[in-house]
file entry_37.txt (compact mmCIF, C-alpha atoms)
# COMPACT_ATOMS: atom_id res chain seq x y z
CA MET A 1 148.91 79.14 100.91
CA LYS A 2 147.70 75.68 99.96
CA PRO A 3 146.95 75.38 96.22
CA LYS A 4 143.27 75.42 95.38
CA LYS A 5 141.99 72.35 93.57
CA ILE A 6 139.33 72.70 90.89
CA GLU A 7 137.43 69.76 89.44
CA TYR A 8 136.07 69.72 85.90
CA PHE A 9 133.47 67.34 84.58
CA ALA A 10 134.37 66.11 81.10
CA LYS A 11 131.96 64.51 78.66
CA ASP A 12 134.59 61.93 77.71
CA ARG A 13 138.24 61.07 78.37
CA ARG A 14 139.49 63.01 75.36
CA GLU A 15 138.57 66.29 77.04
CA ILE A 16 140.84 65.76 80.04
CA LEU A 17 143.91 65.17 77.85
CA PRO A 18 145.84 68.41 77.29
CA LEU A 19 146.01 69.65 73.72
CA ARG A 20 149.61 69.55 72.49
CA ILE A 21 151.18 72.71 71.08
CA VAL A 22 152.80 71.80 67.75
CA THR A 23 154.21 75.25 67.09
CA ASP A 24 153.51 78.85 67.94
CA ALA A 25 153.74 82.41 66.70
CA ALA A 26 152.83 85.92 67.78
CA MET A 27 150.89 88.59 65.95
CA SER A 28 149.64 92.11 66.34
CA THR A 29 147.03 93.86 64.19
CA ARG A 30 146.70 97.61 64.00
CA GLY A 31 143.36 98.75 65.38
CA LEU A 32 142.54 95.40 67.02
CA HIS A 33 142.89 94.57 70.73
CA GLY A 34 144.78 97.79 71.40
CA GLY A 35 147.52 96.77 68.98
CA ARG A 36 148.91 94.40 71.60
CA ILE A 37 150.92 91.33 70.66
CA LEU A 38 149.01 88.10 71.19
CA PRO A 39 150.32 84.55 70.87
CA VAL A 40 148.99 82.06 68.34
CA VAL A 41 149.18 78.38 69.24
CA LEU A 42 148.78 75.71 66.58
CA LEU A 43 147.37 72.67 68.32
CA ASP A 44 147.37 68.97 67.61
CA THR A 45 143.62 68.38 67.43
CA ALA A 46 143.80 64.76 66.30
CA GLY A 47 140.98 63.00 68.06
CA ARG A 48 139.33 66.31 68.92
CA PRO A 49 137.03 67.15 65.98
CA ASP A 50 134.95 69.17 68.46
CA ILE A 51 137.80 71.68 68.74
CA ASP A 52 138.05 71.97 64.95
CA ASP A 53 134.28 72.47 64.75
CA LEU A 54 134.41 75.13 67.47
CA ILE A 55 137.07 77.11 65.60
CA ARG A 56 135.12 76.89 62.33
CA LEU A 57 131.87 77.85 64.03
CA HIS A 58 133.40 81.02 65.44
CA GLN A 59 134.43 82.06 61.93
CA ILE A 60 130.75 81.95 60.97
CA VAL A 61 129.08 83.55 63.98
CA ASN A 62 131.97 85.98 64.61
CA GLU A 63 131.25 86.06 68.33
CA PRO A 64 133.35 84.67 71.18
CA GLY A 65 130.47 82.83 72.84
CA ASP A 66 130.36 82.07 76.57
CA TYR A 67 133.23 80.40 78.41
CA ILE A 68 135.03 80.35 81.72
CA TYR A 69 138.74 79.84 82.26
CA TYR A 70 141.35 79.20 84.90
CA TRP A 71 145.14 79.15 84.98
CA GLY A 72 146.72 76.37 86.98
CA GLN A 73 148.93 73.31 87.03
CA ILE A 74 147.92 69.74 86.33
CA GLU A 75 148.60 67.54 89.31
CA GLY A 76 151.75 65.50 88.78
CA HIS A 77 152.91 67.55 85.76
CA LYS A 78 156.16 69.18 86.81
CA GLY A 79 157.49 72.12 84.81
CA THR A 80 154.23 73.06 83.14
CA VAL A 81 151.24 75.33 83.58
CA ALA A 82 147.89 75.07 81.82
CA ILE A 83 144.92 77.14 80.84
CA PHE A 84 141.60 75.35 81.40
CA LEU A 85 138.90 76.54 78.98
CA LYS A 86 135.29 75.55 79.54
CA PHE A 87 133.19 76.67 76.58
CA ILE A 88 129.50 76.83 77.40
CA ARG A 89 127.86 78.37 74.32
CA PRO A 90 127.39 77.93 71.38
CA VAL A 91 128.69 74.42 72.20
CA GLU A 92 129.85 72.85 75.46
CA ILE A 93 133.51 71.82 75.28
CA LEU A 94 136.38 71.46 77.73
CA ALA A 95 139.84 72.25 76.34
CA ILE A 96 143.11 72.16 78.27
CA ILE A 97 146.21 73.77 76.78
CA GLU A 98 149.41 72.85 78.59
CA PHE A 99 152.58 74.94 78.32
CA ASP A 100 156.14 73.92 79.13
CA ILE A 101 157.33 76.75 81.40
CA VAL A 102 160.83 77.09 79.94
CA ARG A 103 159.95 76.45 76.30
CA HIS A 104 156.64 78.34 76.23
CA GLY A 105 157.22 80.91 78.96
CA PHE A 106 157.18 83.80 76.48
CA LEU A 107 153.78 82.64 75.17
CA ILE A 108 152.35 82.62 78.67
CA ASP A 109 153.78 86.08 79.31
CA LEU A 110 152.20 87.40 76.09
CA THR A 111 148.87 85.77 76.93
CA LEU A 112 148.81 87.37 80.38
CA SER A 113 149.99 90.82 79.28
CA GLY A 114 147.80 90.87 76.18
CA GLN A 115 144.89 89.18 77.96
CA GLY A 116 144.18 86.86 75.07
CA ILE A 117 145.39 84.01 72.87
CA TYR A 118 144.61 82.76 69.38
CA ILE A 119 143.90 79.05 68.95
CA ALA A 120 144.23 77.30 65.60
CA ARG A 121 144.63 73.80 64.22
CA ALA A 122 148.08 72.56 63.21
CA ASN A 123 148.14 70.96 59.78
CA GLY A 124 150.84 68.39 60.49
CA GLU A 125 154.00 68.27 62.56
CA ASP A 126 155.94 70.56 60.21
CA ASP A 127 153.27 73.24 60.11
CA LEU A 128 154.11 76.90 60.69
CA PHE A 129 151.70 79.78 61.19
CA SER A 130 153.43 81.64 58.35
CA LYS A 131 152.37 78.88 55.92
CA ALA A 132 148.72 79.96 56.21
CA ILE A 133 148.30 83.17 58.19
CA ASP A 134 144.66 83.42 57.07
CA ARG A 135 143.77 80.01 58.55
CA PRO A 136 140.68 79.83 60.81
CA ARG A 137 141.57 80.77 64.36
CA LEU A 138 139.70 81.46 67.55
CA LEU A 139 140.53 84.41 69.78
CA VAL A 140 140.00 83.66 73.46
CA GLU A 141 139.95 86.82 75.57
CA LEU A 142 141.44 86.20 79.01
CA GLY A 143 141.02 88.87 81.65
CA ASP A 144 143.18 89.22 84.74
CA THR A 145 142.51 86.34 87.15
CA GLY A 146 145.28 87.26 89.58
CA PHE A 147 147.52 84.52 88.22
CA GLY A 148 150.13 87.01 87.02
CA LYS A 149 151.85 87.35 90.38
CA LYS A 150 152.05 83.58 90.87
CA TRP A 151 153.24 83.15 87.30
CA ASN A 152 156.09 85.60 87.85
CA GLU A 153 157.34 83.45 90.74
CA ILE A 154 156.94 80.21 88.80
CA PHE A 155 158.63 81.61 85.67
CA HIS A 156 161.69 82.96 87.45
CA LYS A 157 162.10 79.80 89.52
CA GLN A 158 161.80 77.42 86.57
CA VAL A 159 164.12 79.40 84.29
CA ALA A 160 166.68 79.71 87.09
CA GLU A 161 166.54 75.92 87.56
CA HIS A 162 167.08 75.53 83.81
CA PHE A 163 170.24 77.66 83.95
CA ARG A 164 171.33 75.82 87.08
CA ASP A 165 171.02 72.49 85.24
CA SER A 166 173.17 74.01 82.48
CA GLY A 167 176.05 74.41 84.91
CA LEU A 168 175.68 77.91 86.34
CA SER A 169 175.95 78.59 90.05
CA LYS A 170 172.83 79.36 92.06
CA SER A 171 173.45 83.13 92.08
CA GLN A 172 174.41 83.13 88.39
CA SER A 173 171.26 81.18 87.54
CA ILE A 174 169.03 83.65 89.37
CA ASN A 175 170.66 86.63 87.65
CA ALA A 176 170.55 84.92 84.24
CA ALA A 177 166.85 84.17 84.69
CA LYS A 178 166.10 87.79 85.63
CA SER A 179 168.01 89.08 82.61
CA ALA A 180 166.46 86.64 80.12
CA ILE A 181 162.91 87.27 81.32
CA SER A 182 163.45 91.03 81.33
CA GLU A 183 164.55 90.97 77.69
CA LEU A 184 161.57 88.84 76.69
CA ARG A 185 159.20 91.24 78.40
CA LYS A 186 160.65 94.21 76.53
CA ILE A 187 159.54 92.53 73.32
CA GLY A 188 156.16 91.61 74.77
CA SER A 189 155.47 95.21 75.78
CA LEU A 190 155.60 96.43 72.16
CA LYS A 191 152.41 97.32 70.34
CA MET A 192 151.40 97.64 66.71
CA ASN A 193 152.42 101.29 66.65
CA ASP A 194 155.98 100.19 67.43
CA ILE A 195 156.45 97.20 65.13
CA ILE A 196 155.91 95.69 61.70
CA PRO A 197 152.35 94.19 61.31
CA SER A 198 153.01 90.60 62.31
CA PHE A 199 155.89 88.25 62.84
CA PRO A 200 156.32 84.52 63.31
CA ALA A 201 157.83 83.22 66.52
CA GLU A 202 158.51 79.72 65.23

call {"tool": "encode", "arguments": {"input": "entry_37.txt", "output": "structure tokens"}}
result
Amino acid sequence: MKPKKIEYFAKDRREILPLRIVTDAAMSTRGLHGGRILPVVLLDTAGRPDIDDLIRLHQIVNEPGDYIYYWGQIEGHKGTVAIFLKFIRPVEILAIIEFDIVRHGFLIDLTLSGQGIYIARANGEDDLFSKAIDRPRLLVELGDTGFGKKWNEIFHKQVAEHFRDSGLSKSQSINAAKSAISELRKIGSLKMNDIIPSFPAE
């Protein structure tokens, strides 16, 4: 099937530049979101004060607002996938978060299985979520868009290529990818009833 192309209209050039993930973590809170583990991404928002304002605003109104979202790949960006977030209310903002498939594959898995992701601002290149776990953050709920099946194919293929580049044979790379992803998903399937309240994934 030919990939579907979606066009977004940005207010300025800054909006079409993907937000860089400085570091990440994962957290689960008893009694919230079914106790499921959700990723937290600390983003480089330099040049994007609108993103900082959006996060702060949501701390005040305590409502998610209106937004639409799509999973996809940016044309010409090999080895990555992105989530395109178009916030409509209370403010209109386009945000693109791009993930390296091998490095951030677990985050994508958690986002899809938990159907949500926390977005926060990174306070410098050496920031860690554990340095300020009470920092303002925005929860973006992401329902099933059907991307999960495609993601499973992309994830296994990219991780297998990574092992192949490390010197394994083709069959060894495929088996290593299956094993590694299976172990990651065992962790991702845990809920608050099974684990300690929260843990950093830095």

call {"tool": "residues_near_point", "arguments": {"input": "entry_37.txt", "point": "(144.9, 63.2, 64.6)", "cutoff": "12 Å", "atoms": "all atoms listed in the file", "output": "ChimeraX atom specification"}}
result
/A:19-20,43-49,51-52,121-125

call {"tool": "closest_residue", "arguments": {"input": "entry_37.txt", "among": "A:Asp126, A:Asp50, A:Glu161, A:Glu153", "to": "Leu94 in chain A", "atoms": "all atoms listed in the file"}}
result
A:Asp50

call {"tool": "atom_distance", "arguments": {"input": "entry_37.txt", "atom1": "CA of Gly143 in chain A", "atom2": "CA of Asp12 in chain A"}}
result
28.0 Å

call {"tool": "closest_residue", "arguments": {"input": "entry_37.txt", "among": "A:Leu107, A:Leu128, A:Ile119, A:Ala82", "to": "Ile181 in chain A", "atoms": "only C-alpha atoms"}}
result
A:Leu107

call {"tool": "atom_distance", "arguments": {"input": "entry_37.txt", "atom1": "CA of Asp66 in chain A", "atom2": "CA of Ile101 in chain A"}}
result
27.9 Å

call {"tool": "residues_around", "arguments": {"input": "entry_37.txt", "residues": "Val41 in chain A", "least_positions_apart": "3", "cutoff": "8 Å", "atoms": "only C-alpha atoms", "output": "PyMOL selection string"}}
result
chain A and resi 21-25+117-120

call {"tool": "closest_residue", "arguments": {"input": "entry_37.txt", "among": "A:Ile108, A:Leu184, A:Ile55, A:Leu168", "to": "Ile93 in chain A", "atoms": "all atoms listed in the file"}}
result
A:Ile55

call {"tool": "closest_residue", "arguments": {"input": "entry_37.txt", "among": "A:Leu38, A:Asp109, A:Lys78, A:Lys149", "to": "Glu183 in chain A", "atoms": "all atoms listed in the file"}}
result
A:Asp109

call {"tool": "atom_distance", "arguments": {"input": "entry_37.txt", "atom1": "CA of Ser169 in chain A", "atom2": "CA of Ile154 in chain A"}}
result
19.1 Å

call {"tool": "residues_around", "arguments": {"input": "entry_37.txt", "residues": "Val140 in chain A", "least_positions_apart": "2", "cutoff": "12 Å", "atoms": "only C-alpha atoms", "output": "JSON list (two decimals) with C-alpha atoms, in the coordinates of the input"}}
result
[["chain", "number", "residue", "atom", "x", "y", "z"],
["A", 33, "HIS", "CA", 142.89, 94.57, 70.73],
["A", 38, "LEU", "CA", 149.01, 88.10, 71.19],
["A", 39, "PRO", "CA", 150.32, 84.55, 70.87],
["A", 40, "VAL", "CA", 148.99, 82.06, 68.34],
["A", 41, "VAL", "CA", 149.18, 78.38, 69.24],
["A", 54, "LEU", "CA", 134.41, 75.13, 67.47],
["A", 55, "ILE", "CA", 137.07, 77.11, 65.60],
["A", 58, "HIS", "CA", 133.40, 81.02, 65.44],
["A", 63, "GLU", "CA", 131.25, 86.06, 68.33],
["A", 64, "PRO", "CA", 133.35, 84.67, 71.18],
["A", 65, "GLY", "CA", 130.47, 82.83, 72.84],
["A", 66, "ASP", "CA", 130.36, 82.07, 76.57],
["A", 67, "TYR", "CA", 133.23, 80.40, 78.41],
["A", 68, "ILE", "CA", 135.03, 80.35, 81.72],
["A", 69, "TYR", "CA", 138.74, 79.84, 82.26],
["A", 83, "ILE", "CA", 144.92, 77.14, 80.84],
["A", 84, "PHE", "CA", 141.60, 75.35, 81.40],
["A", 85, "LEU", "CA", 138.90, 76.54, 78.98],
["A", 86, "LYS", "CA", 135.29, 75.55, 79.54],
["A", 87, "PHE", "CA", 133.19, 76.67, 76.58],
["A", 95, "ALA", "CA", 139.84, 72.25, 76.34],
["A", 111, "THR", "CA", 148.87, 85.77, 76.93],
["A", 112, "LEU", "CA", 148.81, 87.37, 80.38],
["A", 114, "GLY", "CA", 147.80, 90.87, 76.18],
["A", 115, "GLN", "CA", 144.89, 89.18, 77.96],
["A", 116, "GLY", "CA", 144.18, 86.86, 75.07],
["A", 117, "ILE", "CA", 145.39, 84.01, 72.87],
["A", 118, "TYR", "CA", 144.61, 82.76, 69.38],
["A", 119, "ILE", "CA", 143.90, 79.05, 68.95],
["A", 120, "ALA", "CA", 144.23, 77.30, 65.60],
["A", 137, "ARG", "CA", 141.57, 80.77, 64.36],
["A", 138, "LEU", "CA", 139.70, 81.46, 67.55],
["A", 142, "LEU", "CA", 141.44, 86.20, 79.01],
["A", 143, "GLY", "CA", 141.02, 88.87, 81.65]]

call {"tool": "closest_residue", "arguments": {"input": "entry_37.txt", "among": "A:Arg13, A:Arg103, A:Lys178, A:Lys186", "to": "Ala160 in chain A", "atoms": "all atoms listed in the file"}}
result
A:Lys178

call {"tool": "closest_residue", "arguments": {"input": "entry_37.txt", "among": "A:Ala132, A:Leu139, A:Ile88, A:Leu110", "to": "Ile187 in chain A", "atoms": "all atoms listed in the file"}}
result
A:Leu110

call {"tool": "residues_near_point", "arguments": {"input": "entry_37.txt", "point": "(146.9, 65.5, 78.7)", "cutoff": "9 Å", "atoms": "all atoms listed in the file", "output": "PDB file with C-alpha atoms, in the coordinates of the input"}}
result
ATOM      1  CA  ARG A  14     139.490  63.010  75.360  1.00  0.00           C
ATOM      2  CA  GLU A  15     138.570  66.290  77.040  1.00  0.00           C
ATOM      3  CA  ILE A  16     140.840  65.760  80.040  1.00  0.00           C
ATOM      4  CA  LEU A  17     143.910  65.170  77.850  1.00  0.00           C
ATOM      5  CA  PRO A  18     145.840  68.410  77.290  1.00  0.00           C
ATOM      6  CA  LEU A  19     146.010  69.650  73.720  1.00  0.00           C
ATOM      7  CA  ARG A  20     149.610  69.550  72.490  1.00  0.00           C
ATOM      8  CA  ILE A  74     147.920  69.740  86.330  1.00  0.00           C
ATOM      9  CA  ILE A  96     143.110  72.160  78.270  1.00  0.00           C
ATOM     10  CA  ILE A  97     146.210  73.770  76.780  1.00  0.00           C
ATOM     11  CA  GLU A  98     149.410  72.850  78.590  1.00  0.00           C
TER      12      GLU A  98
END

call {"tool": "build_atoms", "arguments": {"input": "entry_37.txt", "residues": "range 66-79 of chain A", "atoms": "N, CA, C and O atoms", "output": "mmCIF file, in the frame of the given file"}}
result
data_model
loop_
_atom_site.group_PDB
_atom_site.id
_atom_site.type_symbol
_atom_site.label_atom_id
_atom_site.label_comp_id
_atom_site.auth_asym_id
_atom_site.auth_seq_id
_atom_site.Cartn_x
_atom_site.Cartn_y
_atom_site.Cartn_z
ATOM 1 N N ASP A 66 130.199 82.036 75.112
ATOM 2 C CA ASP A 66 130.360 82.070 76.570
ATOM 3 C C ASP A 66 131.353 80.998 77.000
ATOM 4 O O ASP A 66 131.278 79.850 76.561
ATOM 5 N N TYR A 67 132.259 81.356 77.892
ATOM 6 C CA TYR A 67 133.230 80.400 78.410
ATOM 7 C C TYR A 67 133.783 80.916 79.728
ATOM 8 O O TYR A 67 133.715 82.099 80.048
ATOM 9 N N ILE A 68 134.326 80.002 80.494
ATOM 10 C CA ILE A 68 135.030 80.350 81.720
ATOM 11 C C ILE A 68 136.433 79.768 81.609
ATOM 12 O O ILE A 68 136.677 78.855 80.816
ATOM 13 N N TYR A 69 137.359 80.290 82.393
ATOM 14 C CA TYR A 69 138.740 79.840 82.260
ATOM 15 C C TYR A 69 139.477 79.983 83.584
ATOM 16 O O TYR A 69 139.137 80.810 84.433
ATOM 17 N N TYR A 70 140.478 79.149 83.729
ATOM 18 C CA TYR A 70 141.350 79.200 84.900
ATOM 19 C C TYR A 70 142.776 78.864 84.480
ATOM 20 O O TYR A 70 142.992 78.034 83.590
ATOM 21 N N TRP A 71 143.737 79.531 85.095
ATOM 22 C CA TRP A 71 145.140 79.150 84.980
ATOM 23 C C TRP A 71 145.465 78.216 86.142
ATOM 24 O O TRP A 71 144.951 78.383 87.241
ATOM 25 N N GLY A 72 146.327 77.255 85.900
ATOM 26 C CA GLY A 72 146.720 76.370 86.980
ATOM 27 C C GLY A 72 147.756 75.377 86.530
ATOM 28 O O GLY A 72 148.361 75.508 85.459
ATOM 29 N N GLN A 73 147.984 74.378 87.344
ATOM 30 C CA GLN A 73 148.930 73.310 87.030
ATOM 31 C C GLN A 73 148.223 71.976 87.199
ATOM 32 O O GLN A 73 147.437 71.789 88.129
ATOM 33 N N ILE A 74 148.501 71.069 86.274
ATOM 34 C CA ILE A 74 147.920 69.740 86.330
ATOM 35 C C ILE A 74 148.682 68.912 87.353
ATOM 36 O O ILE A 74 149.921 68.883 87.334
ATOM 37 N N GLU A 75 147.970 68.298 88.245
ATOM 38 C CA GLU A 75 148.600 67.540 89.310
ATOM 39 C C GLU A 75 149.540 66.478 88.745
ATOM 40 O O GLU A 75 149.161 65.697 87.864
ATOM 41 N N GLY A 76 150.776 66.482 89.233
ATOM 42 C CA GLY A 76 151.750 65.500 88.780
ATOM 43 C C GLY A 76 152.533 65.917 87.551
ATOM 44 O O GLY A 76 153.450 65.205 87.136
ATOM 45 N N HIS A 77 152.200 67.072 86.959
ATOM 46 C CA HIS A 77 152.910 67.550 85.760
ATOM 47 C C HIS A 77 153.894 68.630 86.164
ATOM 48 O O HIS A 77 153.557 69.816 86.263
ATOM 49 N N LYS A 78 155.130 68.238 86.392
ATOM 50 C CA LYS A 78 156.160 69.180 86.810
ATOM 51 C C LYS A 78 156.668 69.985 85.620
ATOM 52 O O LYS A 78 156.839 69.459 84.528
ATOM 53 N N GLY A 79 156.902 71.274 85.849
ATOM 54 C CA GLY A 79 157.490 72.120 84.810
ATOM 55 C C GLY A 79 156.523 72.642 83.789
ATOM 56 O O GLY A 79 156.936 73.126 82.727
#
